[in-house]
Structure formats: C-alpha cells, structure tokens
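A.B. asks: First the structure, then my questions, so here it is.
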Amino acid sequence: MKSYYRSLTEKKIAGYLKDMGFHNLDMSVLGHNKKQGINTKTVTCSNYAVGIGAARFQLQYMSHYLKREERKDPDPRIHHFIPDTWQRELMDIVDNNESAIIVAPTSSGKTYASYYCMEKVLRESDDGVVVYVAPTKALVHQVVATVHNRFVKELPAGITVCGVFTRDYRYDALNCQVLVTVPQCLEILVLSPHWQNWVKRIKYVVFDEVHCLGGEIGAQVWEHLLVMIRCPFLALSATISNPEYLTEWLQKVKNYWLQAEELQNSEPSESKSSHRIKHKQKRGSDKKSFKVRLVKYGERYNDLEKYVCIPEDGSFEFFHYHPCAALTVNHIEKYGFPSDFSFSPQECIKLYDTMVGTWKNWSRAKELDPEQFSSLKDKIIITKADARKYEESLKKELVNWVRCGHKEEVGKVLKSLQPEIEDVAEHDMKKLFPCFVEELRKIDALPALFFIFNIQEVESYADRLYLHLKKKKEEMKPDTEAQLSLQIKLEKVEKKLKRLTNVTEDKLSASKAEILHTLLDKKNILEMQVEKLSKDPPECTFANQKAVDEKTLNYMLKRTQLLTRNIRLALPLLKGIGYHHESMNPKQRQAVETLLRMGFLQVVTATGSLALGINMPCKSVVFVEDSVYLDSLNLRQMSGRAGRRGQDLLGKVFFYNIPLPKVQRLIKANVPKLKGQFPLSVSLILRLILLAEKADDKPDAKAKALSVLKHSLMAFNQPKKQEMLKLFFLFSVQFLVREGYINQEGKPQGFSGLATHLHYREPSNFVLIRFLEKGLFHKLCERSLTNKGGKQFSETVMETLVLVLANLFGRLRLPHSAVELKGQFRHSKVILDELPPDFAAAAEEYNDVVDKIFGSFLLSTSKFADMEQEYQLPLSNISFAGAESDHETSFLSVLTNCQNKTTAVSPFATLSGNTNNDLFCASTVDTIGLQTIDAKTLKIPTFDHETEDIQGRKMPLNAYALDFYKHGSLKALFCENFLHRGDAFQLIKDFKLVISSISTSLMELCEDENDNVVLAFKQLDESYKEKYEKIQN
C-alpha cells in the first residue's frame, strides 16, 4: 500500500513538473534515464510551461527560498533547537575548556556559544565566574536582559546570577557568576591589586565584537585583557579578515601562560604548594587547556541584496546594485574578489547572462550554463550549497578571463552590471526623506534601521518624518462631527449604566438585567468606534499597534519619563519612529531598543550605536548620508542587521544619499586586517608596577605585567618593534623615577595612586600632580579663605580651581572661528581662558622634562626605521635612496648631505634645516619624525596646552565645564557652547567624576584632613555634584 501511494505521489509531482516544462525533472522523478538531450527552453507542453530550465527557474525565482542544509540529528546538550556542525564544534571547545576565535556572519548563531559557556559554569559550581565583554552599553543592556530571562539558579545569600559594571552604573559586579561589562571596566578589575582573588575565580571570558582590537580608540584595552587572562576565552566577530594571524598570536600568548603555570607549579615553596593543593581540591575535576582554536563559518542564513535609491517623479526607484558593479578590471587583476564577496542565486544568473551576452565565443558558456552545471543539472531541489558552488565557479571564471588577457570583455561585463543613474543634490535628498520611507513601506521593506553618523542629523531625520506624518493627518480632515456624535451617544449610555449599576445585579429584574447587558454591549461598540476615529489612520503612522498593547506602551513611556523629559522623542515613538545614539539617556535608549525588538517601531535612525553586536535585526538597513566613518568595516557590521532569521529570507541594504563612487569603494574593499595599536603608555606601566608590587600573589601579578610587555599584537613577529617597546618601557621608567612616582628600587610612592586613578586622562594626570607637588593649589587656597573657622573658600578660588581642571580634563577644542564670537553670549563664556601664569609655567616645566627624556627615546628608536622606505615619496613611491638613483643629482646630493648629519629625522624634513635636536621639541615631532617610526602613535605624554588647525590657527578650548559651574544650566550649554544636549550631559558627568576621583584620592593620601587643598577639592566636589544632580533630576 505504501509503495502504491508513493508511486501515485511521484506521478503527481512528475505531472506538475511536466506541466511547467521541466521534462528532465519529470523523467528523473519517474526513474527514466535521459539518454538524449531535450531543449527545455523550447518545449511547451502546456499552458503552464514557464519557458526556462528548471535550474534557472530555481535560481532566478526561488533564490531566497532555496533549501538550507541543516542537520536533523539532535544534540543531547541542546534541547530547544538542533545545532549546526560548527556550533557543535563550539560546544566541544567549551566542554574541553579551550579558547576559540569564532568568525561567522551576523545572525548565524555564534553568540549561542557564550550562553552555553555561561550555562556550563553555572552548572559546575557556585563560585566560578563568566565575564561577558561587550563593546557598547547598548549591548550590555541586551545581554543582561537575556541572561536574566535564560538562567534561574538558587544561590547562597549574597551571590546573584548576573551583575553589571559600566561607567554609568555598577551592581552585583563582584558577587555574581555572570558579569557583563565593557573592556575598560574589566581592565580596572584585572589590574587592581585588591581584586586578584576575584580575578582567579574567572573560568571564561567572552569577547564580543573582538575586531574592536583593530580600532583607533580603546583598542589597546582589548589587547591588554586578551594577554592578561589565564582562563580560556571565546572571541566573537563577523568581520576579521586575518583570523589565522590573530589565532597564531593568541596561541603564543596561551603558550606563555602554560609555561608560567608550569613554572609556578614547580616552585618548592611549601606555602605555595599547600595553596596550590587547596586550589586544586576546590576546583575538582577542572582540566586546564591552553589551546586556541579557530572556527570559521561563512554562510549567512539570509541573502543580502543592495539597492541604490533615486527619486523619480515624486516617488523613488530602487536600482538593484549587483556586487560586481563595484569592481574594476584592475582590482580583479591585483586583488581578485574580496574574501566576503557573495552573490545571491539571482545575482549569479544575472552575471552568467551578462558574460554570455558580452563574449559570444566564450568556450565555457555551455559548461557554466545553469542547466548543464554539475551541481545544478537535473536536480529537483537545488540547495543553497549548490548555488554557492555555482557562484564560486563564476568568480573563478571571471578571474581567469583577466589572467588570459580578456580584460576588455571583463570591463564590458562589469560596466553592463552598473546601474545607469545620476547623483542627486544632497539638499533634495534630505527633503525627500519622508517620501523615501513611505516607498519602503509600500514595498514591505520595514522595519528598517537608518544609519547616520551625525547625532544632530539622527534626530533631525526622525523629526522630519514625524512632521510629515503630522501634516499628512491634518490634511486628511478627520470627521470631527461623527466623532462628536459618537461621544455624545457614549456619554448618554454611560449615564444610563450609572443609574442601573447603583443597584446590585442580583436585585435587578430580568428585564432591567437584560437592558444592562444591552447597554454594556452598546458601550463597548461605541468605545471601539470612538477609538477608531481618534486613532491615527494606518497611513499616518508607522507603529505596529499589534506588537505592543497600550498598557505596556504607557508603562514604558512613564518609566523612562519620556513624556515629561523628552517630548521630542516621545511623540515620534508613538507613531513608530525612534532615534538612537550614545548621547541619549540610558533609559530612553533602552526604550527605543525594546520597542524595536518587540516590533512596535518600524523606523529607527541611529549612529553606530546599534551596529555592534546588539540583536536589532530588521528587514532593511539604509545608509542615509556619507561620512568619513562609513568604511568597509562599518558597512559590513551595519548591513548585518538586515534580514531577521526565522522571519526574512532576504535582507535589503539601501544606499540613500551616498555618492556612487563611495558605494563602489565600500563594496569592493576588504575589511582592514587586525594589526594592533601601540599598546603601552606611561600610566599603564605605572599600573603594572603597582599591580606587581601590591598584589598578594606576586608571581601571578608579575606574570600578568610581563605578558602585557611581551605580547603586543603590533610587534608580533616583528623584532624591531618589540625592541622599540622595550626602549619605551625603559624611558617611561626613567620618567616615573624622575617625577617621583617610583623609587630607585622600582617601588611606587607619592602620588602614584592618584596618577593611576586618572590613567585614562594621561598626560593631564601627570600635569595635575606636578601642580600639587609645586604647591600651586596650596598657594591658591591659602590666600582666599572666606571663613577661617569653617574653612569655606570663596567663589573666586572655586572658579579658579575649575578653570585649572578644565584646562586639564575638559579639553574639547573649538574651531578658530569661535574666537570671533567671544563675549557675544548671554550665559556662557564659551572660550576658556588659559591657565593662570604660575600654573602655565609649571606645565611648561613638565613638558621640558618630557621633551628631554622622550626626545632621547626618539633618537634611540631611529635605528629601527626602514631607511629605504624613508627615502620614498609617499604617493608616487619614487625612491631617492642610494647613489644609483636616476633622479636629479643636485637634489640627491643635498638630501644625502643633510641626512648624513641627521639620523633620526625624516630625510625630506632635513631639507628645511631640521636636525636631531628638533626631536626634543614635542610640537615638531609629528611633522619631522621618521615616518616608519610614526611618533604620533607612540603615546609620548606631552601636554599640548595649545593646538593649531591645519592652517596654523589657534583652536581655543570650550569652557563648558567652567560655564556649567557658574550657571548650572544644561540648556545654556547646548544653546551657546556648540554642544548636543546629550553630549553636554555626558561631558558634565565625566568632569564631575574626575573631580570626585581627585577629591577621594587626596583624602586618602593626605594625613591632615584639614589640609586646605583637600578641603577645597571636597567643597568643589560637593558643589559640582549638587549642580549635576539638579540637571539629572
């Protein structure tokens, strides 16, 4: 019977395939051998024949529906889904306590490994800790919410499952089993001598978006953490172009920790042995592994297609942008295809057809025809893997055309794939933005994220769209008479109900009870009709009302105080429009994130704050404006948000107001390789010395410090750079001894604690301590007491203190043109005065010391320069090195003569008379130094109290910190000090934290609690905090 039904089903399927004209598949289903070729393009057996082959039909029209290869066998470790092979490999790694670098596309499921890791540690003990390191606070919020929802565990009193540590807030950070934090805060814990016992409890560290290791700001902190942790780690990213190199470096680091472990275990000390035995007994059966594995998975679940948007007669046209349209023949010849360059199946067909149409005599045309290609031929069900094989073959063939000399044909193919469009004026595109979003709604491309790299524009675009909807509703002229009539009827019904409900229902007569129920039904109907008339029509809102009920929405608005504090965000939110950036209030950011995840918001404008790691998938991503920050890395990170796994089979990326040449560069560029930044600073070296000196477990602390000094990613496999780092360490120690932070034995002393508390403000931390040591603050405080008994200092003293601190820690530059506006502001001074003369003189003395010590450092590092490259012009690469140069002999002789006298200055800079002695002046180092040494990256702690723009004009400091102390108005700051409201709040908060750190450190350091300076900073701390709390509340 089963075979009968199976035969019947096969005949039905064969019949359907035959009707569509797929005769080759018809015979395959019935089990016939196809001996002779049938031209499926010409056979039309029925009215339903599609007129093309089966393979072409599937690739072109079923592109996004192709079957994904998924495993069917469950894994006993996972109950709620069946993991892929590569995900099982990740779980094996965690089970074996190994480390891994995981490179996989966004939404592929790589983050699951981190939660499996948490589950393992929570299951094994109540003592182990997993640290999740996130690059942004937005991702911290999301991970914390996920951990709270996913894990429930009964723990001893005082211990919680999840804790948080960021600069904004901190709770249960040291008494939790899962700590979610940012790199800077984890570094504070790892380098703190007092928290080393807690650090030893860490069983795993998860680094999300580890490609931040290659950024310009904060990259060195990621590097410090990776080289200092003993425990295994998981490093996740979707955008690493050289993961093998990173794996090799981290394996070297783990080998170092293996040797350190073996060395410590071999020490004969009885106390250490007993400590080690206890530690082993406590950990039980934990096995340590120092292996680092690389897991790569390149298949994105959803295809991504790109579109260029052009206005056309009041609407928009969306031109599909084939990835090959971004390439040039020269680029293919030099670099081939970018490593993550992929086509959708539909784009593969488009490329093949263009190649066939361009070169009529192409010998492999039949072989690569989708109907004849080996992976596609006669297949009833083509999978994504089959389509990917076809894609790779087409790529190889195009590269082969170039290598075989058919460049002209390749050029024609690439040109044919380019959309024929013209750029539109930027102003027009801004004006047309609401129309563009309306068009996205028509093509069902919402919800969408709109990325803009300017905070003001992020809010401006959202406002523009909200005003468009508001105007649209006003123009619709709602039927107010009908609404009023219904309201009157409703009031009459409510009055009748009120009279009836005064009597309990059980005392009502049957007839009156029936009337009561009728009135209740009528009331419900009238309320629905009134609500329907008062609600926004569907075309006047982007909100998905079905996603969030009114009660939940009102609760969120009330909790975040949006209606009272930020009506500018609240009103668009109610219409399904939001904006998101780092300068927003944390609760308001969370409201936008939550409403977007729930599906209520359909339009969100954002900076890069929603690009890193955070689970904010949507149907589409739009790049709204060009920016220097829009590079190949950000393109891939942000594009990854498009396409919701489980909901969308296709993600769409739109380029709205981006010049076409920029689009081409973005698509064809490879993601930058991770090379590392200069990892050391004088403050870091002082922190490492403090750790090694004051930690209880000194061998462990010294091993951490040595690991940071030895394992720089920048210097990996580059001996010269490693030697340069050693020199920097030696000269930094010389500076610390000279300035009194450590003694001749290398032990910390004096103000070393204060310097490390303010490490993130180098070199201002060292200049502040110079002022303290010279007694400048004492002189200031002694001559201006207003009340000797109560030690209250005058406002003049307080304002001078703020002026000095603002010059050190509030270093936000204004353009030179702001000088012309000096004195024209009502509330704020805006332009900060320079340091008082005695403080300025002390700052110059400090710079003289730095110039002398680190000028010698630059002279010493000149031997590591690549002199052959130094003699090359940077753009043309014309070389003037050696006597064999064919260039102007007189110029060459002058160049050679100058360079013989100066060995540490750029040979081209010597033509202007610069010598080695000029390296002892920090202001000239950047322009005359050897380019292969790159003094800009060396973190020489020079205090730049004057900065000039590219035209040599002085750029004054913004007086926001002092202005706020005087008037306490946040509104005045963003109205007059050229600051965004959110930025102004964050800057004031940061400045307040600096004052608090200084005040607390001075109280700890000074034995005399009545010292004038201690009291003055305490008074300033209280006063500034009071003003800050007013704007916070």
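Residues in the structure tokens are named by chain (A, B, ... in the order shown) and by number from 1 within that chain; ligands are numbered from 1 in the order shown.
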Write out as a list of chain:residue names each polymer residue whose atoms come within 7 Å of region 325-340 of chain A, counting only C-alpha atoms; drop sequence neighbours fewer than 3 positions from it.
C.D. replies: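 Returned residues: A:Tyr321, A:His322, A:Val399, A:Val402, A:Lys407, A:Val410, A:Gly411, A:Leu414, A:Lys415, A:Leu417, A:Gln418, A:Gln664, A:Arg665, A:Ile667, A:Lys668, A:Ala669, A:Asn670.
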A.B. asks: Would you mind exporting the chosen residues as an mmCIF file, in the first residue's frame, restricted to N, CA, C and O atoms?
C.D. replies:
data_model
loop_
_atom_site.group_PDB
_atom_site.id
_atom_site.type_symbol
_atom_site.label_atom_id
_atom_site.label_comp_id
_atom_site.auth_asym_id
_atom_site.auth_seq_id
_atom_site.Cartn_x
_atom_site.Cartn_y
_atom_site.Cartn_z
ATOM 1 N N TYR A 321 21.759 46.828 -7.082
ATOM 2 C CA TYR A 321 23.193 47.051 -7.299
ATOM 3 C C TYR A 321 23.916 45.712 -7.200
ATOM 4 O O TYR A 321 24.129 45.177 -6.104
ATOM 5 N N HIS A 322 24.265 45.165 -8.367
ATOM 6 C CA HIS A 322 24.987 43.890 -8.397
ATOM 7 C C HIS A 322 26.380 44.093 -7.792
ATOM 8 O O HIS A 322 27.063 45.073 -8.095
ATOM 9 N N VAL A 399 37.894 35.737 -13.044
ATOM 10 C CA VAL A 399 39.311 35.984 -12.755
ATOM 11 C C VAL A 399 40.171 35.382 -13.856
ATOM 12 O O VAL A 399 41.176 35.982 -14.287
ATOM 13 N N VAL A 402 40.519 37.554 -16.914
ATOM 14 C CA VAL A 402 41.517 38.627 -16.745
ATOM 15 C C VAL A 402 42.915 38.075 -16.949
ATOM 16 O O VAL A 402 43.742 38.658 -17.660
ATOM 17 N N LYS A 407 40.671 41.223 -20.868
ATOM 18 C CA LYS A 407 40.311 42.332 -19.977
ATOM 19 C C LYS A 407 39.194 43.190 -20.564
ATOM 20 O O LYS A 407 38.358 43.715 -19.827
ATOM 21 N N VAL A 410 35.932 41.569 -19.780
ATOM 22 C CA VAL A 410 35.603 41.720 -18.354
ATOM 23 C C VAL A 410 35.107 43.133 -18.073
ATOM 24 O O VAL A 410 34.122 43.338 -17.357
ATOM 25 N N GLY A 411 35.782 44.122 -18.672
ATOM 26 C CA GLY A 411 35.359 45.507 -18.493
ATOM 27 C C GLY A 411 33.932 45.732 -18.964
ATOM 28 O O GLY A 411 33.154 46.440 -18.312
ATOM 29 N N LEU A 414 31.460 44.171 -16.410
ATOM 30 C CA LEU A 414 31.318 44.992 -15.202
ATOM 31 C C LEU A 414 30.507 46.257 -15.486
ATOM 32 O O LEU A 414 29.670 46.669 -14.672
ATOM 33 N N LYS A 415 30.753 46.857 -16.641
ATOM 34 C CA LYS A 415 30.021 48.080 -16.994
ATOM 35 C C LYS A 415 28.542 47.786 -17.217
ATOM 36 O O LYS A 415 27.666 48.585 -16.847
ATOM 37 N N LEU A 417 26.767 45.663 -15.755
ATOM 38 C CA LEU A 417 26.097 45.402 -14.484
ATOM 39 C C LEU A 417 25.861 46.664 -13.663
ATOM 40 O O LEU A 417 25.139 46.641 -12.666
ATOM 41 N N GLN A 418 26.493 47.765 -14.054
ATOM 42 C CA GLN A 418 26.352 49.015 -13.306
ATOM 43 C C GLN A 418 25.025 49.687 -13.637
ATOM 44 O O GLN A 418 24.662 49.810 -14.807
ATOM 45 N N GLN A 664 30.871 52.079 -4.522
ATOM 46 C CA GLN A 664 31.777 51.124 -5.176
ATOM 47 C C GLN A 664 32.961 50.791 -4.279
ATOM 48 O O GLN A 664 33.339 49.625 -4.118
ATOM 49 N N ARG A 665 33.549 51.825 -3.682
ATOM 50 C CA ARG A 665 34.722 51.595 -2.811
ATOM 51 C C ARG A 665 34.345 50.757 -1.598
ATOM 52 O O ARG A 665 35.105 49.882 -1.172
ATOM 53 N N ILE A 667 31.922 48.516 -1.242
ATOM 54 C CA ILE A 667 31.580 47.125 -1.538
ATOM 55 C C ILE A 667 32.814 46.305 -1.902
ATOM 56 O O ILE A 667 32.945 45.145 -1.502
ATOM 57 N N LYS A 668 33.734 46.903 -2.652
ATOM 58 C CA LYS A 668 34.874 46.108 -3.123
ATOM 59 C C LYS A 668 36.036 46.055 -2.136
ATOM 60 O O LYS A 668 36.936 45.221 -2.283
ATOM 61 N N ALA A 669 35.998 46.929 -1.112
ATOM 62 C CA ALA A 669 37.129 46.969 -0.174
ATOM 63 C C ALA A 669 37.078 45.798 0.790
ATOM 64 O O ALA A 669 36.010 45.397 1.263
ATOM 65 N N ASN A 670 38.241 45.241 1.085
ATOM 66 C CA ASN A 670 38.339 44.208 2.109
ATOM 67 C C ASN A 670 38.268 44.847 3.488
ATOM 68 O O ASN A 670 38.617 46.015 3.671
#
A.B. asks: Could you give me, as a ChimeraX atom specification, each residue of region 547-587 of chain A that DSSP assigns to helix (DSSP H, G or I) when run on this structure's backbone?
C.D. replies: /A:550-559,562-565,567-574,586-587
A.B. asks: Produce a table with one row for each residue of region 153-249 of chain A that has an atom at most 12 Å from any atom of region 738-760 of chain A, each row naming the nearest atom pair and its distance in Å at one decimal; use only C-alpha atoms; arrange rows by chain and rising residue number; format as CSV.
C.D. replies:
residue,atom,partner,partner_atom,distance
A:Gln184,CA,A:Tyr760,CA,9.3
A:Cys185,CA,A:Tyr760,CA,11.5
A:Glu187,CA,A:Tyr760,CA,11.5
A:Ile188,CA,A:His757,CA,9.4
A:Leu191,CA,A:Thr756,CA,10.3
A:Ser192,CA,A:Thr756,CA,10.2
A:Pro193,CA,A:Gly753,CA,11.7
A:Ile217,CA,A:Tyr760,CA,11.6
A:Gly218,CA,A:Tyr760,CA,10.1
A:Gln220,CA,A:Tyr760,CA,12.0
A:Val221,CA,A:Tyr760,CA,10.8
A.B. asks: Save the residues we just selected, N, CA and C atoms, as a tab-separated table (two decimals), in the first residue's frame?
C.D. replies:
chain	number	residue	atom	x	y	z
A	184	GLN	N	36.99	48.59	29.37
A	184	GLN	CA	37.69	49.49	30.29
A	184	GLN	C	37.43	49.12	31.75
A	185	CYS	N	36.22	48.70	32.05
A	185	CYS	CA	35.89	48.36	33.44
A	185	CYS	C	36.50	47.02	33.85
A	187	GLU	N	39.28	45.88	32.68
A	187	GLU	CA	40.70	46.17	32.84
A	187	GLU	C	40.98	46.73	34.23
A	188	ILE	N	40.08	47.57	34.74
A	188	ILE	CA	40.25	48.12	36.09
A	188	ILE	C	40.31	46.99	37.11
A	191	LEU	N	43.59	44.77	36.70
A	191	LEU	CA	44.83	45.45	37.10
A	191	LEU	C	44.79	45.94	38.55
A	192	SER	N	43.69	45.71	39.24
A	192	SER	CA	43.61	46.16	40.63
A	192	SER	C	44.24	45.13	41.56
A	193	PRO	N	45.24	45.51	42.35
A	193	PRO	CA	45.87	44.55	43.27
A	193	PRO	C	44.89	43.95	44.27
A	217	ILE	N	40.54	53.87	18.84
A	217	ILE	CA	40.27	54.32	20.22
A	217	ILE	C	39.91	53.11	21.06
A	218	GLY	N	40.67	52.90	22.14
A	218	GLY	CA	40.36	51.82	23.07
A	218	GLY	C	40.83	50.44	22.66
A	220	GLN	N	43.79	49.17	22.55
A	220	GLN	CA	44.82	48.61	23.42
A	220	GLN	C	44.23	47.95	24.66
A	221	VAL	N	43.05	48.39	25.11
A	221	VAL	CA	42.43	47.78	26.29
A	221	VAL	C	42.01	46.35	25.98
A.B. asks: Need the shell around Asp75 (chain A): protein/DNA/RNA residues with any atom at most 8 Å away, counting only C-alpha atoms. Skip same-chain ones fewer than 5 positions apart. Format as a VMD selection string?
C.D. replies: chain A and resid 82 to 83 88
A.B. asks: Please produce a file of those selected residues containing all heavy atoms, as a PDB file, in the first residue's frame.
C.D. replies:
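Result written to selection_39.pdb:
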ATOM      1  N   ILE A  82      18.199  22.299  17.022  1.00  0.00           N
ATOM      2  CA  ILE A  82      19.223  21.355  16.555  1.00  0.00           C
ATOM      3  C   ILE A  82      20.408  22.165  16.035  1.00  0.00           C
ATOM      4  O   ILE A  82      20.300  22.872  15.024  1.00  0.00           O
ATOM      5  CB  ILE A  82      18.671  20.455  15.440  1.00  0.00           C
ATOM      6  CG1 ILE A  82      17.509  19.616  15.983  1.00  0.00           C
ATOM      7  CG2 ILE A  82      19.764  19.558  14.875  1.00  0.00           C
ATOM      8  CD1 ILE A  82      16.843  18.728  14.942  1.00  0.00           C
ATOM      9  N   PRO A  83      21.553  22.111  16.700  1.00  0.00           N
ATOM     10  CA  PRO A  83      22.698  22.931  16.295  1.00  0.00           C
ATOM     11  C   PRO A  83      23.360  22.425  15.024  1.00  0.00           C
ATOM     12  O   PRO A  83      23.328  21.226  14.714  1.00  0.00           O
ATOM     13  CB  PRO A  83      23.652  22.816  17.491  1.00  0.00           C
ATOM     14  CG  PRO A  83      23.291  21.528  18.146  1.00  0.00           C
ATOM     15  CD  PRO A  83      21.826  21.322  17.911  1.00  0.00           C
ATOM     16  N   ARG A  88      28.249  22.748  17.106  1.00  0.00           N
ATOM     17  CA  ARG A  88      28.635  21.613  17.954  1.00  0.00           C
ATOM     18  C   ARG A  88      30.130  21.668  18.260  1.00  0.00           C
ATOM     19  O   ARG A  88      30.565  21.303  19.351  1.00  0.00           O
ATOM     20  CB  ARG A  88      28.278  20.290  17.266  1.00  0.00           C
ATOM     21  CG  ARG A  88      26.774  20.108  17.091  1.00  0.00           C
ATOM     22  CD  ARG A  88      26.454  18.921  16.201  1.00  0.00           C
ATOM     23  NE  ARG A  88      25.094  18.993  15.702  1.00  0.00           N
ATOM     24  CZ  ARG A  88      24.140  18.107  15.957  1.00  0.00           C
ATOM     25  NH1 ARG A  88      24.406  17.049  16.688  1.00  0.00           N
ATOM     26  NH2 ARG A  88      22.931  18.263  15.465  1.00  0.00           N
TER      27      ARG A  88
END
A.B. asks: Go ahead and compute the interatomic distance for CA of Val103 (chain A) and CA of Tyr297 (chain A), in Å to one decimal.
C.D. replies: 6.3 Å
A.B. asks: Can you measure CA of Val144 (chain A) to CA of His581 (chain A) for me? One decimal in Å is fine.
C.D. replies: 19.5 Å
A.B. asks: CA of Val161 (chain A) and CA of His141 (chain A), how far apart in Å?
C.D. replies: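 CA of Val161 (chain A) lies 15.2 Å from CA of His141 (chain A).
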A.B. asks: Set the distance at 12 Å and use only C-alpha atoms: which residues neighbour Met62 (chain A) once local chain neighbours fewer than 2 positions away are removed? I'd like the list as a count of residues only.
C.D. replies: 22
A.B. asks: Using only C-alpha atoms, which of A:Phe985, A:Tyr466, A:Phe728, A:Tyr307 sits nearest Ser856 (chain A)?
C.D. replies: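 The closest residue to Ser856 (chain A) is A:Phe728.
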